[in-house]
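> Sending over a structure as structure tokens; questions will come in a sec.
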Amino acid sequence: MFDATRPGLPARPGVGYKSRHFQALMTDPGPVGWIEIHAENCMGDGGRPLAQLQALSARFPVSVHGVGLSIGGEAPLDRDHLARLRRLCDRITPASFSEHLAWSTHDSRFLNDLLPLPYTVATLARVADHIAEVQDVLGRRMLLENPSSYLAFRESTLTETDFLAEIVARTGCGLLLDVNNVFVSATNLATSPQDYIAAFPVEHVAEIHLGGHDEDRDDDGAPLLIDSHGREVADPVWALLDITLARTGPKPLLIEWDTDVPDWPVLRAEAGRAARALDRLHAGG
Amino acid sequence: MRSPSSSGQKYSLSAQPQPSLRQPEFVAALLAPETAVPPGLTGPDGSPAGKRFDIYRNNVAVSLTEALETGFPVLRKLVGEAFFAALAGVFLRRHLPSSPILARYGQEMPAFLAEFPPVAHLPYLPDVARLELALRAAYHAGDASPLDPAALGALAPEALDRALLIFSPAVQLVRSIHPVHAIWAANSDPAAPRPRPGAQAALVTRPGFDPLADPLGPNDGELVAGLMEGKPLGLAAEAGGDLARVLSLLLSRNAITELCT
């Protein structure tokens, strides 16, 4: 069905690509060894976005990260959108393709948010079918990312980690472990992020995400973290990364910074911090 | 997300089967801020989701409003930031994106503005929105190699009359009974002159990677419209306008890719 032997992303820091960092990335990448693009930002017919992407993909391994496929949607996948993803992958031959355990489209209308799913046997069957279809159309293995959660479904019958493990078993997909999402979800639902990492099927992790979050309070004054990607990665998330890497071994580490995007030196410094986390691991620390 | 099961049991979270919340119900509540949070959604320890659901409501409304702000900067300047945010809130609930490619979002804006009573006193807004859509489309349009200007000069006058022009995919014409280009320019560039009343067209091109809009008088606009419809140069020129001036502009903007004789 797909070629599992093609080279993936290097176990080095990467950054989510923003066009304002194009020149800096080409001339002063620092510790950055790969980049991730949002697929839906690269689906025009030409112009600067595709020219930059072409130049970047000649220089760096590229991860294509979809934010609009609605893999958890109750409706069938959008075939036109799948075809666009296929064209993009054919154009730049990315080192990885990933999407989210979430839904974002209803009645052919796109809601532009990653919406939550109940972890039930019915959801499992639907998501597994959709992932199998994606992997068929793209001719490659995809990675599925754990979500950041603000609420839970009373109807859920599986834990998120068991759900993801079962998806992997059914589809052969890999996993993208977002450590900030783990911390955000655990804080919001009063569970243990360390227990989550301990239960995670780490042998299938092919990429790790790190990003910043905002802090708010819920109706009862309990902490409510928002997965905003608008600041530095928080210290407890870096600590959770060390625990995660101890289980997974060295992995490609992505810094996501999507709102209030900083100047390049700030983002490069975050990538440097990710590089040091990998160095500590190699040093056996 | 629930806590990871430490017991090793896979199907252990819920003792009683729960009714399932379907996505259509979720979406209906998502887009109607005044309505109750759908049942079956909880915070920690099974408490009602409350404000937690509002995070999703907020994400949808704010992210789509931001997409519209990015896509229609001049429109936003013309009506003011607060008014634009309110307008976007109405627009996005009526016209959610039809695809995940947000660069295409907002195609319905001109028609929406034409029918939106609070802006009925600003009849030029739909054409300004059309111009902003054209500029955005030009930015993402397919690449094309421009025609060598010498190819036009080499033609005999009769051959020139019969010739057809093929335009670059980035080229668009926005014709208006209002001074659409001048209104757009005055709100994009503080140094631009104040708009004066009168019909105007805007020619949108992309000579390199950055789109441009050039003003055309109504007759030149009519002439370009004819050329873009595929009329031969001679026939298109009968509409009036200055053919030499128009061709010179088109060539300087890399707007023409081929000459069919």
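Following the order of the structure tokens, chains are lettered A, B, ..., residues in each are numbered from 1, and ligands are numbered from 1.
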Near B:Gly43, within 9 Å and counting only C-alpha atoms, which residues show up once chain neighbours fewer than 2 positions away are dropped, as a list in words?
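These residues fall inside the cut-off: Tyr150, Leu151, Ala152, Phe153, Asn188, Leu189 and Ala190 of chain A; Leu41, Asp45, Gly46, Ser47, Pro48, Ala49, Gly50 and Arg52 of chain B.
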> Since we have the selection now, will you write its residues out, keeping N, CA and C atoms, as a CSV table (one decimal), in the first residue's frame?

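And here's out.csv as it stands now:
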```
chain,number,residue,atom,x,y,z
A,150,TYR,N,-10.2,20.7,25.5
A,150,TYR,CA,-10.7,21.6,26.5
A,150,TYR,C,-11.9,21.0,27.2
A,151,LEU,N,-12.4,19.9,26.7
A,151,LEU,CA,-13.5,19.2,27.3
A,151,LEU,C,-13.5,17.7,26.9
A,152,ALA,N,-14.3,16.9,27.5
A,152,ALA,CA,-14.4,15.5,27.2
A,152,ALA,C,-15.8,15.2,26.9
A,153,PHE,N,-16.0,14.0,26.3
A,153,PHE,CA,-17.3,13.5,25.9
A,153,PHE,C,-17.8,12.4,26.9
A,188,ASN,N,-6.2,20.7,31.5
A,188,ASN,CA,-7.6,21.1,31.4
A,188,ASN,C,-8.6,20.0,31.9
A,189,LEU,N,-8.2,18.8,31.9
A,189,LEU,CA,-9.1,17.7,32.3
A,189,LEU,C,-8.6,17.1,33.6
A,190,ALA,N,-7.6,17.8,34.3
A,190,ALA,CA,-7.2,17.3,35.6
A,190,ALA,C,-6.7,15.9,35.6
B,41,LEU,N,-21.1,16.9,27.0
B,41,LEU,CA,-19.7,17.5,27.0
B,41,LEU,C,-19.4,17.9,28.5
B,45,ASP,N,-13.9,15.5,35.9
B,45,ASP,CA,-14.8,14.8,36.8
B,45,ASP,C,-16.3,14.9,36.4
B,46,GLY,N,-16.5,15.1,35.1
B,46,GLY,CA,-17.9,15.0,34.6
B,46,GLY,C,-18.7,16.3,34.8
B,47,SER,N,-18.0,17.4,35.3
B,47,SER,CA,-18.7,18.6,35.4
B,47,SER,C,-19.1,19.2,34.1
B,48,PRO,N,-20.2,20.0,34.0
B,48,PRO,CA,-20.6,20.5,32.7
B,48,PRO,C,-19.5,21.3,32.0
B,49,ALA,N,-19.5,21.2,30.7
B,49,ALA,CA,-18.4,21.9,29.9
B,49,ALA,C,-18.4,23.4,30.1
B,50,GLY,N,-19.6,24.0,30.1
B,50,GLY,CA,-19.7,25.5,30.3
B,50,GLY,C,-18.8,26.3,29.4
B,52,ARG,N,-15.8,26.0,28.6
B,52,ARG,CA,-14.9,25.2,27.8
B,52,ARG,C,-15.4,25.1,26.4
```
> Which parts of stretch 121-285 of chain A does DSSP call strand (DSSP E or B) when run on the backbone here, written out as JSON, numbers by chain?
{"A": [143, 144, 145, 152, 153, 174, 175, 176, 177, 178, 205, 206, 207, 208, 209, 210, 211, 214, 215, 216, 217, 223, 224, 225, 226, 253, 254, 255, 256]}
> Can you spit out the residues from that selection as a short mmCIF file (atom, residue, chain, number, x, y, z; two decimals), in the first residue's frame, using C-alpha atoms?

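Output contents, as saved in result06.cif:
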```cif
data_model
loop_
_atom_site.label_atom_id
_atom_site.label_comp_id
_atom_site.auth_asym_id
_atom_site.auth_seq_id
_atom_site.Cartn_x
_atom_site.Cartn_y
_atom_site.Cartn_z
CA LEU A 143 1.23 10.51 10.99
CA LEU A 144 -1.74 11.25 13.24
CA GLU A 145 -1.43 13.97 15.90
CA ALA A 152 -14.40 15.52 27.25
CA PHE A 153 -17.34 13.49 25.90
CA GLY A 174 2.54 6.60 12.58
CA LEU A 175 1.97 9.09 15.38
CA LEU A 176 2.88 12.72 15.83
CA LEU A 177 3.11 13.33 19.57
CA ASP A 178 2.40 16.95 20.49
CA VAL A 205 6.10 8.17 17.26
CA ALA A 206 7.85 9.64 14.22
CA GLU A 207 7.69 13.35 15.14
CA ILE A 208 7.20 15.52 18.22
CA HIS A 209 5.53 18.94 18.36
CA LEU A 210 6.23 21.72 20.85
CA GLY A 211 4.36 25.00 21.05
CA ASP A 214 -2.02 30.72 26.97
CA GLU A 215 -3.46 30.48 30.46
CA ASP A 216 -7.09 31.14 31.35
CA ARG A 217 -9.57 29.97 34.03
CA PRO A 223 -6.80 26.45 35.13
CA LEU A 224 -7.75 26.32 31.47
CA LEU A 225 -4.89 26.30 28.99
CA ILE A 226 -5.40 27.44 25.38
CA LEU A 253 11.27 18.11 17.26
CA LEU A 254 9.10 20.86 15.79
CA ILE A 255 8.64 24.34 17.27
CA GLU A 256 5.18 25.67 16.32
#
```
> So, counting only C-alpha atoms, which residue among A:Arg280, A:Arg231, A:Arg273, A:Arg268 is closest to A:Gly30?
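Among the listed residues, the smallest separation from A:Gly30 belongs to A:Arg268.
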> Nearest to A:Val67 among A:Phe183, A:Phe110, A:Trp257, A:Phe200, with distances taken over only C-alpha atoms: which residue is it?
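Closest residue, counting only C-alpha atoms: A:Phe110.
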> Could you jot down the atom CA of A:Arg140 to atom CA of A:Gly172 separation for me, Å, one decimal place?
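Between atom CA of A:Arg140 and atom CA of A:Gly172 the gap is 10.4 Å.
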> Which residue out of B:Ala137, B:Leu78, B:Thr70, B:Gly106 has the minimum interatomic distance to chain A when only C-alpha atoms are used?
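Ranked by minimum distance to chain A, first place goes to B:Ala137.
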> Please build the interface table for stretch 136-217 of chain A against stretch 68-89 of chain A with a cut-off of 9 Å, listing for each qualifying residue the nearest atom pair and the distance in Å to one decimal; count only C-alpha atoms, order rows by chain and increasing number, and write it as a tab-separated table.

```
residue	atom	partner	partner_atom	distance
A:Val137	CA	A:Arg86	CA	6.9
A:Leu138	CA	A:Arg86	CA	5.4
A:Gly139	CA	A:Arg86	CA	8.6
```
> Using only C-alpha atoms, which residues sit within 10 Å of stretch 130-134 of chain B once same-chain residues fewer than 5 positions away are excluded, as a ChimeraX atom specification?
/B:71-75,103-111,125,139,170-176,180-181,184,201-205,211,213
> Keeping only N, CA and C atoms, write the selected residues to a file as a compact mmCIF listing (two decimals), in the first residue's frame.

```
# COMPACT_ATOMS: atom_id res chain seq x y z
N GLY B 71 -7.71 39.36 4.40
CA GLY B 71 -8.11 39.36 2.99
C GLY B 71 -8.71 40.67 2.51
N PHE B 72 -9.25 41.46 3.43
CA PHE B 72 -9.93 42.71 3.04
C PHE B 72 -9.44 43.90 3.86
N PRO B 73 -8.13 44.20 3.79
CA PRO B 73 -7.59 45.28 4.65
C PRO B 73 -8.19 46.65 4.32
N VAL B 74 -8.44 46.93 3.04
CA VAL B 74 -8.96 48.25 2.67
C VAL B 74 -10.43 48.38 3.07
N LEU B 75 -11.18 47.32 2.86
CA LEU B 75 -12.57 47.30 3.31
C LEU B 75 -12.64 47.59 4.80
N ALA B 103 -7.04 31.11 1.72
CA ALA B 103 -6.68 32.14 0.75
C ALA B 103 -7.84 32.40 -0.22
N ARG B 104 -8.78 31.47 -0.29
CA ARG B 104 -9.92 31.67 -1.19
C ARG B 104 -11.16 32.17 -0.45
N TYR B 105 -11.04 32.34 0.86
CA TYR B 105 -12.23 32.65 1.65
C TYR B 105 -12.73 34.08 1.38
N GLY B 106 -14.03 34.23 1.26
CA GLY B 106 -14.63 35.56 1.15
C GLY B 106 -15.15 35.89 -0.23
N GLN B 107 -15.27 34.89 -1.12
CA GLN B 107 -15.76 35.17 -2.48
C GLN B 107 -17.16 35.80 -2.47
N GLU B 108 -17.94 35.51 -1.43
CA GLU B 108 -19.32 36.02 -1.36
C GLU B 108 -19.38 37.44 -0.82
N MET B 109 -18.22 38.01 -0.44
CA MET B 109 -18.25 39.32 0.23
C MET B 109 -18.89 40.42 -0.62
N PRO B 110 -18.57 40.57 -1.92
CA PRO B 110 -19.20 41.64 -2.68
C PRO B 110 -20.73 41.53 -2.68
N ALA B 111 -21.25 40.34 -2.92
CA ALA B 111 -22.71 40.17 -2.94
C ALA B 111 -23.30 40.40 -1.55
N LEU B 125 -18.63 49.84 -1.73
CA LEU B 125 -17.93 48.78 -0.99
C LEU B 125 -17.85 47.45 -1.75
N TYR B 139 -2.13 37.06 -6.41
CA TYR B 139 -0.97 36.65 -5.63
C TYR B 139 -0.74 35.14 -5.74
N ALA B 170 -2.89 35.70 -13.77
CA ALA B 170 -3.03 36.67 -12.66
C ALA B 170 -3.91 37.86 -13.05
N VAL B 171 -4.11 38.08 -14.35
CA VAL B 171 -4.75 39.33 -14.79
C VAL B 171 -6.26 39.31 -14.55
N GLN B 172 -6.75 40.38 -13.94
CA GLN B 172 -8.18 40.54 -13.73
C GLN B 172 -8.55 42.00 -13.90
N LEU B 173 -9.79 42.22 -14.30
CA LEU B 173 -10.28 43.58 -14.49
C LEU B 173 -11.49 43.78 -13.58
N VAL B 174 -11.45 44.85 -12.81
CA VAL B 174 -12.59 45.18 -11.94
C VAL B 174 -13.17 46.49 -12.44
N ARG B 175 -14.36 46.42 -13.05
CA ARG B 175 -14.99 47.64 -13.57
C ARG B 175 -16.06 48.12 -12.59
N SER B 176 -16.17 49.44 -12.49
CA SER B 176 -17.08 49.99 -11.48
C SER B 176 -17.68 51.29 -11.97
N VAL B 180 -13.28 53.12 -8.19
CA VAL B 180 -12.89 52.00 -7.32
C VAL B 180 -11.39 51.98 -7.04
N HIS B 181 -10.60 52.25 -8.08
CA HIS B 181 -9.15 52.22 -7.86
C HIS B 181 -8.71 53.36 -6.95
N TRP B 184 -9.60 52.60 -3.37
CA TRP B 184 -8.67 51.59 -2.85
C TRP B 184 -7.29 52.20 -2.58
N ALA B 201 -12.09 51.72 -13.80
CA ALA B 201 -11.78 50.29 -13.74
C ALA B 201 -10.40 50.14 -13.11
N ALA B 202 -10.14 48.97 -12.54
CA ALA B 202 -8.82 48.66 -12.00
C ALA B 202 -8.30 47.41 -12.71
N LEU B 203 -7.09 47.52 -13.24
CA LEU B 203 -6.45 46.38 -13.88
C LEU B 203 -5.50 45.73 -12.88
N VAL B 204 -5.76 44.48 -12.54
CA VAL B 204 -4.91 43.77 -11.58
C VAL B 204 -3.97 42.86 -12.36
N THR B 205 -2.68 42.98 -12.04
CA THR B 205 -1.65 42.17 -12.71
C THR B 205 -0.65 41.69 -11.67
N PRO B 211 1.31 41.51 -6.62
CA PRO B 211 0.23 42.02 -7.47
C PRO B 211 0.23 43.56 -7.50
N ALA B 213 -2.31 47.01 -8.90
CA ALA B 213 -3.58 47.48 -9.47
C ALA B 213 -3.32 48.82 -10.15
```
> Considering only alpha helix (DSSP H) as DSSP defines it on the backbone, what residues of stretch 180-262 of chain A qualify? List them as a count of residues only.
30
> Please list as a list in words every residue within 8 Å of stretch 42-58 of chain A, counting only C-alpha atoms and excluding residues in the same chain fewer than 2 positions away.
Ser19, Phe22, Met26, Ile37, His38, Ala39, Glu40, Phe60, Pro61, Val62, Arg84, Leu88, Ile92 and Pro94 of chain A; Ile101, Tyr139, His140, Ala141, Gly142, Asp143 and Phe209 of chain B
> Atoms to include: C-alpha atoms. Write the selected residues as a PDB file, in the first residue's frame.

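Ended up saving to part_1.pdb:
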```
ATOM      1  CA  SER A  19       7.029  33.381   4.938  1.00  0.00           C
ATOM      2  CA  PHE A  22      12.224  32.765   4.376  1.00  0.00           C
ATOM      3  CA  MET A  26      17.938  30.184   3.746  1.00  0.00           C
ATOM      4  CA  ILE A  37       4.454  23.720   6.208  1.00  0.00           C
ATOM      5  CA  HIS A  38       0.694  23.860   6.554  1.00  0.00           C
ATOM      6  CA  ALA A  39      -0.569  22.072   3.466  1.00  0.00           C
ATOM      7  CA  GLU A  40      -3.499  24.447   2.982  1.00  0.00           C
ATOM      8  CA  PHE A  60      15.509  21.222   3.819  1.00  0.00           C
ATOM      9  CA  PRO A  61      13.526  18.062   4.402  1.00  0.00           C
ATOM     10  CA  VAL A  62       9.891  19.229   4.475  1.00  0.00           C
ATOM     11  CA  ARG A  84      -4.872  18.665  -3.809  1.00  0.00           C
ATOM     12  CA  LEU A  88       1.330  18.983  -3.274  1.00  0.00           C
ATOM     13  CA  ILE A  92       7.769  18.566  -3.347  1.00  0.00           C
ATOM     14  CA  PRO A  94       7.946  15.708   1.474  1.00  0.00           C
TER      15      PRO A  94
ATOM     16  CA  ILE B 101      -7.914  26.894   1.638  1.00  0.00           C
ATOM     17  CA  TYR B 139      -0.967  36.648  -5.629  1.00  0.00           C
ATOM     18  CA  HIS B 140      -1.729  32.913  -5.797  1.00  0.00           C
ATOM     19  CA  ALA B 141      -2.327  32.673  -9.566  1.00  0.00           C
ATOM     20  CA  GLY B 142      -0.309  30.349 -11.774  1.00  0.00           C
ATOM     21  CA  ASP B 143       3.064  31.489 -13.108  1.00  0.00           C
ATOM     22  CA  PHE B 209       5.493  38.056  -7.229  1.00  0.00           C
TER      23      PHE B 209
END
```
> Hey, what's within 12 Å of B:Pro179 if we count only C-alpha atoms and toss same-chain stuff fewer than 3 positions away? As number ranges by chain, please?
B: 123-125, 127-128, 131, 174-176, 182-186, 193-202, 215-218
> Just to be explicit: take each residue in the selection above, keep N, CA and C atoms, and write the result as an mmCIF file, in the first residue's frame.

```cif
data_model
loop_
_atom_site.group_PDB
_atom_site.id
_atom_site.type_symbol
_atom_site.label_atom_id
_atom_site.label_comp_id
_atom_site.auth_asym_id
_atom_site.auth_seq_id
_atom_site.Cartn_x
_atom_site.Cartn_y
_atom_site.Cartn_z
ATOM 1 N N PRO B 123 -22.224 52.557 -1.367
ATOM 2 C CA PRO B 123 -22.500 51.658 -2.493
ATOM 3 C C PRO B 123 -21.247 51.172 -3.224
ATOM 4 N N TYR B 124 -20.099 51.788 -2.948
ATOM 5 C CA TYR B 124 -18.870 51.378 -3.636
ATOM 6 C C TYR B 124 -18.177 50.203 -2.925
ATOM 7 N N LEU B 125 -18.633 49.841 -1.732
ATOM 8 C CA LEU B 125 -17.929 48.778 -0.992
ATOM 9 C C LEU B 125 -17.848 47.447 -1.752
ATOM 10 N N ASP B 127 -17.520 46.844 -4.861
ATOM 11 C CA ASP B 127 -16.471 46.891 -5.885
ATOM 12 C C ASP B 127 -15.076 46.933 -5.259
ATOM 13 N N VAL B 128 -14.944 47.587 -4.111
ATOM 14 C CA VAL B 128 -13.657 47.567 -3.404
ATOM 15 C C VAL B 128 -13.343 46.130 -2.968
ATOM 16 N N LEU B 131 -12.107 44.199 -5.873
ATOM 17 C CA LEU B 131 -10.705 44.522 -6.178
ATOM 18 C C LEU B 131 -9.765 43.796 -5.202
ATOM 19 N N VAL B 174 -11.454 44.851 -12.812
ATOM 20 C CA VAL B 174 -12.594 45.177 -11.940
ATOM 21 C C VAL B 174 -13.172 46.491 -12.438
ATOM 22 N N ARG B 175 -14.358 46.419 -13.050
ATOM 23 C CA ARG B 175 -14.994 47.640 -13.572
ATOM 24 C C ARG B 175 -16.055 48.124 -12.590
ATOM 25 N N SER B 176 -16.171 49.444 -12.488
ATOM 26 C CA SER B 176 -17.081 49.985 -11.481
ATOM 27 C C SER B 176 -17.677 51.293 -11.966
ATOM 28 N N ALA B 182 -9.285 54.541 -7.166
ATOM 29 C CA ALA B 182 -8.880 55.703 -6.369
ATOM 30 C C ALA B 182 -9.270 55.513 -4.902
ATOM 31 N N ILE B 183 -10.428 54.915 -4.665
ATOM 32 C CA ILE B 183 -10.851 54.666 -3.275
ATOM 33 C C ILE B 183 -9.904 53.659 -2.622
ATOM 34 N N TRP B 184 -9.596 52.604 -3.369
ATOM 35 C CA TRP B 184 -8.669 51.585 -2.848
ATOM 36 C C TRP B 184 -7.286 52.204 -2.581
ATOM 37 N N ALA B 185 -6.795 52.999 -3.555
ATOM 38 C CA ALA B 185 -5.452 53.571 -3.421
ATOM 39 C C ALA B 185 -5.381 54.541 -2.251
ATOM 40 N N ALA B 186 -6.418 55.369 -2.096
ATOM 41 C CA ALA B 186 -6.393 56.371 -1.029
ATOM 42 C C ALA B 186 -6.388 55.711 0.341
ATOM 43 N N PRO B 193 -3.832 60.510 -4.061
ATOM 44 C CA PRO B 193 -4.783 61.633 -4.081
ATOM 45 C C PRO B 193 -6.176 61.209 -3.621
ATOM 46 N N ARG B 194 -6.976 62.198 -3.223
ATOM 47 C CA ARG B 194 -8.353 61.909 -2.820
ATOM 48 C C ARG B 194 -9.157 61.466 -4.046
ATOM 49 N N PRO B 195 -10.029 60.490 -3.893
ATOM 50 C CA PRO B 195 -10.840 60.031 -5.027
ATOM 51 C C PRO B 195 -11.778 61.132 -5.509
ATOM 52 N N ARG B 196 -11.981 61.183 -6.825
ATOM 53 C CA ARG B 196 -12.993 62.078 -7.400
ATOM 54 C C ARG B 196 -14.086 61.225 -8.017
ATOM 55 N N PRO B 197 -15.323 61.720 -7.982
ATOM 56 C CA PRO B 197 -16.430 60.895 -8.470
ATOM 57 C C PRO B 197 -16.248 60.486 -9.927
ATOM 58 N N GLY B 198 -16.810 59.363 -10.295
ATOM 59 C CA GLY B 198 -16.773 58.929 -11.683
ATOM 60 C C GLY B 198 -16.451 57.463 -11.811
ATOM 61 N N ALA B 199 -16.872 56.886 -12.938
ATOM 62 C CA ALA B 199 -16.631 55.474 -13.182
ATOM 63 C C ALA B 199 -15.142 55.226 -13.391
ATOM 64 N N GLN B 200 -14.691 54.036 -12.996
ATOM 65 C CA GLN B 200 -13.279 53.698 -13.116
ATOM 66 C C GLN B 200 -13.150 52.176 -13.151
ATOM 67 N N ALA B 201 -12.086 51.719 -13.801
ATOM 68 C CA ALA B 201 -11.779 50.290 -13.744
ATOM 69 C C ALA B 201 -10.401 50.139 -13.107
ATOM 70 N N ALA B 202 -10.142 48.966 -12.543
ATOM 71 C CA ALA B 202 -8.816 48.656 -12.002
ATOM 72 C C ALA B 202 -8.302 47.415 -12.709
ATOM 73 N N PRO B 215 -5.087 52.071 -12.408
ATOM 74 C CA PRO B 215 -6.387 52.661 -12.755
ATOM 75 C C PRO B 215 -6.564 52.760 -14.268
ATOM 76 N N LEU B 216 -7.779 52.522 -14.710
ATOM 77 C CA LEU B 216 -8.127 52.708 -16.124
ATOM 78 C C LEU B 216 -9.377 53.578 -16.191
ATOM 79 N N GLY B 217 -9.411 54.465 -17.179
ATOM 80 C CA GLY B 217 -10.654 55.186 -17.439
ATOM 81 C C GLY B 217 -11.699 54.207 -17.963
ATOM 82 N N PRO B 218 -12.992 54.624 -17.964
ATOM 83 C CA PRO B 218 -14.056 53.702 -18.388
ATOM 84 C C PRO B 218 -13.837 53.159 -19.802
#
```
> Write out as a ChimeraX atom specification which residues come within 12 Å of B:Val37 when counting only C-alpha atoms, dropping same-chain ones fewer than 6 positions away.
/A:151 /B:21,25-31,48-57
> Let me make sure I understand: among A:Trp238, A:Phe97, A:Trp264, A:Phe163, which one has the smallest atom-to-atom distance to chain B if we use only C-alpha atoms?
A:Phe163
> Can you work out the spacing between atom CA of B:Lys77 and atom CA of B:Ala61 in Å, to one decimal?
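Between atom CA of B:Lys77 and atom CA of B:Ala61 the gap is 19.9 Å.
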> Nearest residue to chain A out of B:Pro207, B:Val119, B:Asp148, B:Leu160, using only C-alpha atoms?
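When distances to chain A are compared using only C-alpha atoms, the smallest one comes from B:Pro207.
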> So that I can see what lies close to A:Asp129, please list as a ChimeraX atom specification the residues with an atom at most 10 Å from it, counting only C-alpha atoms and leaving out residues fewer than 3 positions away in the same chain.
/A:71-72,76-77,123-126,132-134,167,170-171
> Nearest to chain A: which of B:Ala36, B:Ala225, B:Leu113, B:Ala138 is it, counting only C-alpha atoms?
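Distance minimum relative to chain A lands on B:Ala138.
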